[in-house]
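Structure file target.tsv (TSV, C-alpha atoms and all ligand atoms) is printed below.
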```tsv
chain	number	residue	atom	x	y	z
B	281	MET	CA	-82.91	63.11	-26.11
B	282	SER	CA	-84.64	61.62	-23.11
B	283	THR	CA	-83.49	63.95	-20.35
B	284	MET	CA	-83.99	67.65	-19.69
B	285	LYS	CA	-82.25	70.34	-17.68
B	286	CYS	CA	-84.06	71.62	-14.58
B	287	ILE	CA	-83.29	74.41	-12.09
B	288	VAL	CA	-83.39	72.57	-8.79
B	289	LYS	CA	-83.18	73.87	-5.25
B	290	ALA	CA	-80.94	71.06	-4.06
B	291	LYS	CA	-79.44	72.15	-0.75
B	292	PRO	CA	-81.08	73.62	2.39
B	293	GLU	CA	-78.96	76.78	2.39
B	294	PRO	CA	-78.99	80.23	0.73
B	295	GLY	CA	-78.33	79.75	-2.99
B	296	GLY	CA	-78.05	75.97	-3.29
B	297	LEU	CA	-79.32	75.73	-6.89
B	298	GLU	CA	-78.21	73.05	-9.34
B	299	PHE	CA	-78.81	72.53	-13.06
B	300	GLN	CA	-79.89	68.87	-12.90
B	301	GLU	CA	-80.81	66.36	-15.58
B	302	ARG	CA	-84.24	64.75	-15.18
B	303	PRO	CA	-86.19	62.38	-17.44
B	304	ILE	CA	-88.56	64.10	-19.87
B	305	PRO	CA	-92.05	63.36	-18.50
B	306	LYS	CA	-94.86	61.64	-20.37
B	307	ALA	CA	-98.45	62.87	-20.08
B	308	GLY	CA	-100.76	60.58	-18.09
B	309	PRO	CA	-104.58	60.74	-18.00
B	310	GLY	CA	-105.77	64.35	-17.65
B	311	GLN	CA	-102.25	65.71	-18.12
B	312	VAL	CA	-100.25	67.51	-20.76
B	313	VAL	CA	-96.54	68.15	-21.25
B	314	ILE	CA	-95.53	71.70	-22.15
B	315	LYS	CA	-92.26	72.45	-23.96
B	316	GLN	CA	-91.23	75.65	-22.21
B	317	LYS	CA	-90.47	78.78	-24.21
B	318	ALA	CA	-90.07	81.34	-21.41
B	319	VAL	CA	-90.13	81.24	-17.62
B	320	SER	CA	-89.85	84.09	-15.15
B	321	ILE	CA	-88.42	84.33	-11.65
B	322	CYS	CA	-90.90	85.24	-8.92
B	323	GLY	CA	-90.37	86.72	-5.46
B	324	THR	CA	-91.49	83.29	-4.20
B	325	ASP	CA	-88.57	81.65	-6.03
B	326	LEU	CA	-86.28	84.22	-4.40
B	327	HIS	CA	-87.65	83.32	-0.93
B	328	ILE	CA	-86.77	79.69	-1.64
B	329	TYR	CA	-83.40	80.67	-3.13
B	330	ASN	CA	-82.62	82.55	0.10
B	331	TRP	CA	-83.99	79.60	2.12
B	332	ASP	CA	-85.96	81.85	4.49
B	333	ALA	CA	-88.18	80.67	7.36
B	334	TRP	CA	-91.24	80.26	5.11
B	335	SER	CA	-89.32	78.06	2.62
B	336	GLN	CA	-87.81	75.92	5.38
B	337	ASN	CA	-91.32	75.16	6.65
B	338	ARG	CA	-92.95	74.65	3.28
B	339	VAL	CA	-90.56	73.16	0.74
B	340	SER	CA	-89.18	69.61	0.66
B	341	LEU	CA	-85.87	69.30	-1.18
B	342	PRO	CA	-84.84	68.65	-3.83
B	343	CYS	CA	-87.48	70.70	-5.64
B	344	ILE	CA	-87.64	72.07	-9.20
B	345	LEU	CA	-88.43	75.78	-8.78
B	346	GLY	CA	-90.69	78.06	-10.79
B	347	HIS	CA	-94.35	78.61	-11.55
B	348	GLU	CA	-94.39	81.38	-14.18
B	349	PHE	CA	-94.18	80.01	-17.70
B	350	ALA	CA	-95.29	79.91	-21.32
B	351	GLY	CA	-94.70	77.21	-23.91
B	352	HIS	CA	-96.19	74.83	-26.45
B	353	VAL	CA	-97.96	71.58	-25.69
B	354	SER	CA	-95.76	68.66	-26.79
B	355	ASP	CA	-97.68	65.69	-25.39
B	356	VAL	CA	-101.36	65.17	-24.51
B	357	GLY	CA	-102.50	62.40	-22.18
B	358	PRO	CA	-105.73	60.34	-22.35
B	359	ASN	CA	-109.05	62.02	-21.46
B	360	VAL	CA	-107.89	65.50	-22.48
B	361	ASN	CA	-110.13	67.14	-25.06
B	362	HIS	CA	-109.62	70.89	-24.82
B	363	VAL	CA	-105.85	70.99	-25.35
B	364	LYS	CA	-103.95	69.66	-28.35
B	365	GLU	CA	-100.34	69.26	-29.39
B	366	GLY	CA	-98.78	72.55	-30.48
B	367	ASP	CA	-101.15	74.79	-28.48
B	368	TYR	CA	-99.48	77.93	-27.09
B	369	VAL	CA	-100.25	77.95	-23.37
B	370	SER	CA	-99.47	79.12	-19.88
B	371	GLY	CA	-101.07	77.85	-16.69
B	372	GLU	CA	-102.30	78.68	-13.22
B	373	GLY	CA	-99.51	77.98	-10.72
B	374	HIS	CA	-102.01	77.25	-7.95
B	375	LEU	CA	-103.19	73.73	-8.71
B	376	VAL	CA	-106.73	73.61	-7.36
B	377	CYS	CA	-108.89	70.59	-6.64
B	378	GLY	CA	-111.93	71.79	-8.62
B	379	VAL	CA	-114.40	70.02	-6.35
B	380	CYS	CA	-114.31	71.70	-2.91
B	381	GLN	CA	-117.00	74.22	-1.95
B	382	GLN	CA	-114.77	77.21	-2.77
B	383	CYS	CA	-113.79	75.78	-6.16
B	384	ARG	CA	-117.42	75.05	-6.97
B	385	THR	CA	-118.56	78.55	-6.05
B	386	GLY	CA	-116.05	80.53	-8.10
B	387	MET	CA	-113.59	80.94	-5.23
B	388	GLY	CA	-110.88	78.57	-6.43
B	389	HIS	CA	-108.17	81.05	-5.37
B	390	VAL	CA	-108.90	79.88	-1.81
B	391	CYS	CA	-109.32	76.20	-2.68
B	392	GLU	CA	-109.22	73.98	0.41
B	393	SER	CA	-106.38	71.85	-0.91
B	394	TRP	CA	-104.48	73.82	-3.52
B	395	LYS	CA	-100.85	73.02	-4.22
B	396	GLY	CA	-98.19	75.48	-5.34
B	397	LEU	CA	-96.24	74.63	-8.46
B	398	GLY	CA	-92.53	74.98	-7.71
B	399	TYR	CA	-92.74	74.62	-3.93
B	400	ASP	CA	-95.40	72.04	-2.96
B	401	ILE	CA	-94.62	70.03	-6.10
B	402	ASP	CA	-91.88	70.20	-8.76
B	403	GLY	CA	-92.18	73.39	-10.78
B	404	ALA	CA	-91.85	75.05	-14.15
B	405	PHE	CA	-88.08	75.70	-14.37
B	406	CYS	CA	-87.63	72.70	-16.64
B	407	GLU	CA	-87.61	72.14	-20.39
B	408	TYR	CA	-90.75	69.97	-20.41
B	409	LEU	CA	-93.41	70.62	-17.77
B	410	LEU	CA	-95.88	67.91	-16.77
B	411	PHE	CA	-99.06	69.83	-15.98
B	412	PRO	CA	-102.76	69.09	-15.30
B	413	ALA	CA	-104.75	69.92	-18.43
B	414	SER	CA	-107.43	71.54	-16.23
B	415	GLY	CA	-104.93	74.26	-15.26
B	416	VAL	CA	-103.89	75.16	-18.82
B	417	VAL	CA	-104.72	78.60	-20.21
B	418	HIS	CA	-104.44	79.26	-23.96
B	419	ASN	CA	-102.46	82.32	-24.99
B	420	ASP	CA	-103.19	84.57	-27.92
B	421	PRO	CA	-100.47	83.90	-30.54
B	422	ASP	CA	-99.69	87.64	-30.66
B	423	VAL	CA	-98.63	87.73	-27.00
B	424	ASP	CA	-94.85	87.49	-26.59
B	425	PRO	CA	-93.79	84.44	-24.53
B	426	ALA	CA	-92.16	86.74	-21.94
B	427	MET	CA	-95.49	88.56	-21.43
B	428	ALA	CA	-97.39	85.28	-21.37
B	429	ALA	CA	-94.95	83.94	-18.77
B	430	ILE	CA	-95.57	86.82	-16.34
B	431	GLN	CA	-99.33	86.30	-16.16
B	432	ASP	CA	-98.97	84.97	-12.62
B	433	PRO	CA	-97.84	88.33	-11.13
B	434	LEU	CA	-99.85	90.24	-13.73
B	435	GLY	CA	-102.84	88.23	-12.52
B	436	ASN	CA	-102.07	89.30	-8.92
B	437	ALA	CA	-102.12	92.91	-10.15
B	438	VAL	CA	-105.34	92.45	-12.15
B	439	HIS	CA	-107.03	90.73	-9.20
B	440	THR	CA	-105.96	93.56	-6.88
B	441	VAL	CA	-107.03	96.35	-9.25
B	442	PHE	CA	-110.36	94.78	-10.22
B	443	ALA	CA	-111.39	94.07	-6.61
B	444	GLN	CA	-113.10	97.48	-6.77
B	445	ASP	CA	-113.99	99.98	-9.47
B	446	CYS	CA	-110.89	102.01	-10.36
B	447	VAL	CA	-112.11	103.57	-13.62
B	448	ALA	CA	-111.86	107.38	-13.42
B	449	LYS	CA	-110.85	107.05	-9.76
B	450	LYS	CA	-107.90	108.45	-7.84
B	451	VAL	CA	-105.77	105.49	-6.78
B	452	ALA	CA	-102.69	105.15	-4.56
B	453	VAL	CA	-100.42	102.14	-5.07
B	454	PHE	CA	-98.14	101.32	-2.13
B	455	GLY	CA	-95.19	99.06	-3.01
B	456	LEU	CA	-93.43	99.21	-6.38
B	457	GLY	CA	-92.03	95.73	-6.91
B	458	PRO	CA	-93.17	93.88	-10.05
B	459	VAL	CA	-96.79	93.50	-8.85
B	460	GLY	CA	-96.89	97.22	-7.98
B	461	ALA	CA	-95.48	98.24	-11.36
B	462	LEU	CA	-97.90	95.88	-13.13
B	463	SER	CA	-100.80	97.32	-11.12
B	464	VAL	CA	-99.85	100.80	-12.31
B	465	ALA	CA	-99.84	99.56	-15.91
B	466	VAL	CA	-103.27	97.93	-15.45
B	467	LEU	CA	-104.71	101.06	-13.80
B	468	ARG	CA	-103.43	103.11	-16.72
B	469	ALA	CA	-104.95	100.67	-19.23
B	470	ILE	CA	-108.42	100.80	-17.67
B	471	GLY	CA	-108.50	104.58	-17.27
B	472	ALA	CA	-107.83	105.42	-13.64
B	473	ASP	CA	-107.99	109.20	-13.19
B	474	THR	CA	-104.84	109.76	-11.13
B	475	ILE	CA	-102.29	107.16	-10.05
B	476	PHE	CA	-100.01	107.85	-7.08
B	477	ALA	CA	-97.19	105.28	-6.88
B	478	VAL	CA	-95.51	105.10	-3.49
B	479	GLY	CA	-92.16	103.36	-3.07
B	480	ARG	CA	-89.57	103.62	-0.31
B	481	ARG	CA	-86.11	104.42	-1.61
B	482	ASN	CA	-85.40	102.07	-4.54
B	483	GLN	CA	-85.01	104.62	-7.35
B	484	TYR	CA	-84.93	101.90	-10.04
B	485	ARG	CA	-88.42	100.75	-9.07
B	486	ILE	CA	-89.73	104.29	-8.61
B	487	ASP	CA	-88.57	105.07	-12.16
B	488	LEU	CA	-90.20	101.85	-13.37
B	489	ALA	CA	-93.56	102.86	-11.87
B	490	LYS	CA	-93.24	106.21	-13.67
B	491	ALA	CA	-92.48	104.41	-16.95
B	492	CYS	CA	-95.57	102.23	-16.43
B	493	GLY	CA	-97.77	105.32	-16.32
B	494	ALA	CA	-97.97	106.58	-12.73
B	495	HIS	CA	-98.95	110.26	-12.68
B	496	HIS	CA	-97.08	110.85	-9.40
B	497	VAL	CA	-94.22	108.81	-7.94
B	498	ILE	CA	-93.27	109.23	-4.29
B	499	ALA	CA	-90.10	108.04	-2.56
B	500	GLY	CA	-91.62	107.40	0.85
B	501	ALA	CA	-88.22	107.43	2.60
B	502	GLU	CA	-87.80	111.10	1.63
B	503	ILE	CA	-91.30	112.51	1.19
B	504	ASP	CA	-94.28	111.94	3.49
B	505	PRO	CA	-96.71	110.12	1.17
B	506	VAL	CA	-99.77	111.12	3.22
B	507	ALA	CA	-98.98	114.85	3.05
B	508	TYR	CA	-98.08	114.60	-0.65
B	509	ILE	CA	-101.28	112.77	-1.63
B	510	MET	CA	-103.54	115.03	0.46
B	511	ASP	CA	-101.82	118.09	-1.11
B	512	HIS	CA	-102.46	116.78	-4.61
B	513	THR	CA	-106.12	115.83	-4.03
B	514	ASP	CA	-107.35	119.13	-2.54
B	515	GLY	CA	-107.15	117.53	0.89
B	516	LYS	CA	-109.73	114.88	-0.06
B	517	GLY	CA	-107.54	111.80	-0.47
B	518	VAL	CA	-108.00	108.91	-2.89
B	519	ASP	CA	-110.91	106.61	-3.74
B	520	VAL	CA	-108.82	103.44	-3.75
B	521	CYS	CA	-105.57	102.23	-2.19
B	522	LEU	CA	-103.70	99.12	-3.28
B	523	GLU	CA	-101.39	97.89	-0.51
B	524	ILE	CA	-98.76	95.74	-2.20
B	525	SER	CA	-95.71	96.47	-0.05
B	526	GLY	CA	-96.48	94.34	3.00
B	527	ASN	CA	-95.24	97.20	5.17
B	528	PRO	CA	-97.55	97.93	8.16
B	529	LYS	CA	-96.62	101.61	7.88
B	530	ALA	CA	-97.81	101.70	4.28
B	531	PHE	CA	-101.11	100.15	5.39
B	532	GLN	CA	-101.51	102.98	7.92
B	533	ASN	CA	-100.69	105.48	5.14
B	534	ALA	CA	-103.43	103.88	3.05
B	535	LEU	CA	-105.91	104.28	5.91
B	536	ASP	CA	-104.85	107.94	6.23
B	537	VAL	CA	-105.28	108.83	2.54
B	538	VAL	CA	-108.36	106.81	1.61
B	539	LYS	CA	-111.63	108.77	1.39
B	540	ASP	CA	-114.64	107.89	3.51
B	541	ALA	CA	-116.35	104.81	2.02
B	542	GLY	CA	-113.22	104.19	-0.05
B	543	HIS	CA	-111.57	100.85	-0.75
B	544	ILE	CA	-108.25	99.34	0.30
B	545	SER	CA	-107.16	96.11	-1.37
B	546	VAL	CA	-104.32	94.38	0.43
B	547	ILE	CA	-102.08	91.80	-1.24
B	548	GLY	CA	-98.82	92.69	0.57
B	549	THR	CA	-97.98	90.48	3.54
B	550	SER	CA	-95.88	91.05	6.64
B	551	ASN	CA	-94.69	88.90	9.51
B	552	ASP	CA	-95.43	91.84	11.82
B	553	LYS	CA	-98.82	92.48	13.41
B	554	TYR	CA	-100.72	95.53	12.15
B	555	GLU	CA	-101.79	98.00	14.79
B	556	VAL	CA	-104.94	99.75	13.59
B	557	ASP	CA	-107.33	102.20	15.24
B	558	PHE	CA	-110.29	100.28	13.85
B	559	ALA	CA	-113.07	102.55	15.09
B	560	LYS	CA	-111.48	105.77	13.83
B	561	ASP	CA	-109.82	104.57	10.62
B	562	VAL	CA	-112.16	101.84	9.40
B	563	VAL	CA	-115.61	101.82	11.03
B	564	PHE	CA	-116.47	105.53	11.18
B	565	LYS	CA	-114.87	106.06	7.76
B	566	ALA	CA	-116.89	103.14	6.34
B	567	VAL	CA	-113.76	101.86	4.62
B	568	ASN	CA	-113.86	98.58	2.69
B	569	ILE	CA	-110.78	96.42	3.20
B	570	HIS	CA	-110.36	93.56	0.80
B	571	GLY	CA	-107.79	90.77	1.21
B	572	ILE	CA	-106.34	89.56	-2.08
B	573	THR	CA	-104.57	86.27	-2.67
B	574	GLY	CA	-103.58	84.65	-5.95
B	575	ARG	CA	-105.75	85.08	-9.03
B	576	MET	CA	-109.51	84.56	-9.35
B	577	ILE	CA	-109.98	81.21	-11.06
B	578	TRP	CA	-110.61	81.74	-13.91
B	579	ASP	CA	-112.01	85.22	-14.06
B	580	THR	CA	-108.61	86.94	-13.66
B	581	TRP	CA	-107.19	84.96	-16.61
B	582	TYR	CA	-110.06	86.01	-18.90
B	583	LYS	CA	-109.55	89.63	-17.82
B	584	MET	CA	-105.85	89.39	-18.74
B	585	LYS	CA	-106.78	87.97	-22.14
B	586	GLY	CA	-109.12	90.91	-22.67
B	587	LEU	CA	-106.56	93.46	-21.51
B	588	PHE	CA	-103.88	92.05	-23.84
B	589	ALA	CA	-106.33	91.97	-26.76
B	590	SER	CA	-107.41	95.57	-26.12
B	591	GLY	CA	-103.95	96.86	-26.97
B	592	ASN	CA	-104.22	99.26	-24.01
B	593	LEU	CA	-102.06	97.26	-21.61
B	594	ASP	CA	-98.31	97.69	-21.98
B	595	VAL	CA	-96.33	95.51	-19.59
B	596	SER	CA	-93.19	95.37	-21.75
B	597	LYS	CA	-91.36	97.88	-19.54
B	598	VAL	CA	-91.86	95.64	-16.50
B	599	ILE	CA	-89.79	92.91	-18.18
B	600	THR	CA	-86.45	94.56	-17.48
B	601	HIS	CA	-84.16	91.57	-17.95
B	602	ARG	CA	-84.19	88.66	-20.40
B	603	MET	CA	-81.47	86.06	-20.63
B	604	PRO	CA	-80.84	82.47	-21.70
B	605	TYR	CA	-82.25	79.77	-19.40
B	606	ALA	CA	-78.77	78.51	-18.48
B	607	ASP	CA	-77.89	81.96	-17.04
B	608	TYR	CA	-80.40	81.51	-14.20
B	609	GLU	CA	-77.82	82.22	-11.47
B	610	LYS	CA	-77.35	85.70	-12.92
B	611	GLY	CA	-81.13	86.10	-13.01
B	612	PHE	CA	-81.44	85.27	-9.31
B	613	GLU	CA	-78.62	87.71	-8.50
B	614	ILE	CA	-80.42	90.51	-10.35
B	615	MET	CA	-83.64	89.66	-8.49
B	616	GLN	CA	-81.69	89.74	-5.23
B	617	SER	CA	-80.37	93.24	-6.01
B	618	GLY	CA	-83.91	94.63	-6.35
B	619	ASN	CA	-82.81	96.72	-9.33
B	620	CYS	CA	-85.20	95.02	-11.73
B	621	GLY	CA	-88.77	94.42	-12.70
B	622	LYS	CA	-89.43	90.91	-14.00
B	623	VAL	CA	-86.49	88.69	-14.98
B	624	VAL	CA	-87.36	86.28	-17.81
B	625	LEU	CA	-85.35	83.23	-18.87
B	626	ASP	CA	-85.72	82.19	-22.52
B	627	LEU	CA	-85.58	78.53	-23.50
B	701	ZN	ZN	-95.09	84.26	-9.14
B	702	ZN	ZN	-110.76	73.23	-4.30
```

Take the structure from the file and write it as structure tokens.
Ligand SMILES: [Zn+2]
Ligand SMILES: [Zn+2]
Amino acid sequence: MSTMKCIVKAKPEPGGLEFQERPIPKAGPGQVVIKQKAVSICGTDLHIYNWDAWSQNRVSLPCILGHEFAGHVSDVGPNVNHVKEGDYVSGEGHLVCGVCQQCRTGMGHVCESWKGLGYDIDGAFCEYLLFPASGVVHNDPDVDPAMAAIQDPLGNAVHTVFAQDCVAKKVAVFGLGPVGALSVAVLRAIGADTIFAVGRRNQYRIDLAKACGAHHVIAGAEIDPVAYIMDHTDGKGVDVCLEISGNPKAFQNALDVVKDAGHISVIGTSNDKYEVDFAKDVVFKAVNIHGITGRMIWDTWYKMKGLFASGNLDVSKVITHRMPYADYEKGFEIMQSGNCGKVVLDL
């Protein structure tokens, strides 16, 4: 067999996916080929599926989608010494240059010239992925391929949680999509004192946050999260807020419930401007606001390895749907509905 099936965004319209045949790649210098075992659908893939304004600006078609994956190395190119055939691997979906100032100072997540797998270049929704060996991460053989595949959003959660000390702290998580649910699971694993999980109205995702270990879940459309959190913290508020929703109102809620000298890590994004009373809510409160993007390279990946090995982290509940690779259309429809955590396609 010399061709493989790929999930391709072929047409510049909502939907517009095709299951196309492409030649199986061969590893060149510094590259490997990975025979995929599991891939998962990201919110980013859904943006491209829906062909929103961001995708129209960023993505040239046709493009193989996907950047969340796990598989086994099937071909190793010249000048690759740390990866061998048969290795069980995943990889960082932000392909970084490795030589810019940020990359050389441990800040590769804001590399000057990074490229996104599955939107800047052809992605991981294929049977054999051509990938730079420098971006490969080895998985522990005990980690299920579905768990290994979701290390991209899990890494977002780990990066967001570890941006400040959350151990034995009261923490509010705003936004209960997959990264929110995974953040709750990570907070639980590392011993946060009390976890408040704040959604809007999606009961499926509120229940998921509860299943992941949130002590309190709040449907923000029905209950005022600020009043609820202040009531349940003796009027003191929380040490840490994680803003994952990208809703400006949630960011204001975070400012309202965070203690003086507390931390807010923000990974949620919005097209709207945020109106903030900076003097009152940030300066005089001495609040630390931390922008989060991607995963720390490679610190976040080592932390995930440690969390998996500890046995304390349970992300199995976040993988709510698993189906054969060829059923990808159904997977995208489930993602579209919002009644899901992570959707994994098995190869
Ligand atoms: Zn992703
Ligand atoms: Zn760089």

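With all atoms listed in the file counted, the chains near ligand ZN 702 (chain B) contribute these residues within 9 Å: Leu375, Val376, Cys377, Gly378, Val379, Cys380, Gln381, Gln382, Cys383, Arg384, Met387, Gly388, His389, Val390, Cys391, Glu392, Ser393 and Trp394 of chain B.
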
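Of the residues listed (B:Ser320, B:Asn568, B:Ser282, B:Ser463), B:Ser320 shows the shortest atom-to-atom separation from ligand ZN 701 (chain B); distances use all atoms listed in the file.
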
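Picture a line from atom CA of Lys529 of chain B to atom CA of Gly542 of chain B; it runs 18.6 Å.
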
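If you look at atom CA of Ala461 of chain B and atom CA of Asp402 of chain B, they are 28.4 Å away from each other.
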
Problem set entry | 8 Å contact set for Met284 of chain B, all atoms listed in the file, chain neighbours under 4 positions out, as a list in words | Glu301, Arg302, Pro303, Ile304, Cys406, Glu407 and Tyr408 of chain B

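The binding environment of ligand ZN 701 (chain B), defined as every protein, DNA or RNA residue with an atom no more than 8 Å away and counting all atoms listed in the file, comprises Ser320, Ile321, Cys322, Gly323, Thr324, Asp325, Gly346, His347, Glu348, Gly373, Ile430, Asp432 and Pro433 of chain B.
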
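Straight-line separation from atom CA of Asn619 of chain B to atom CA of Arg485 of chain B: 6.9 Å.
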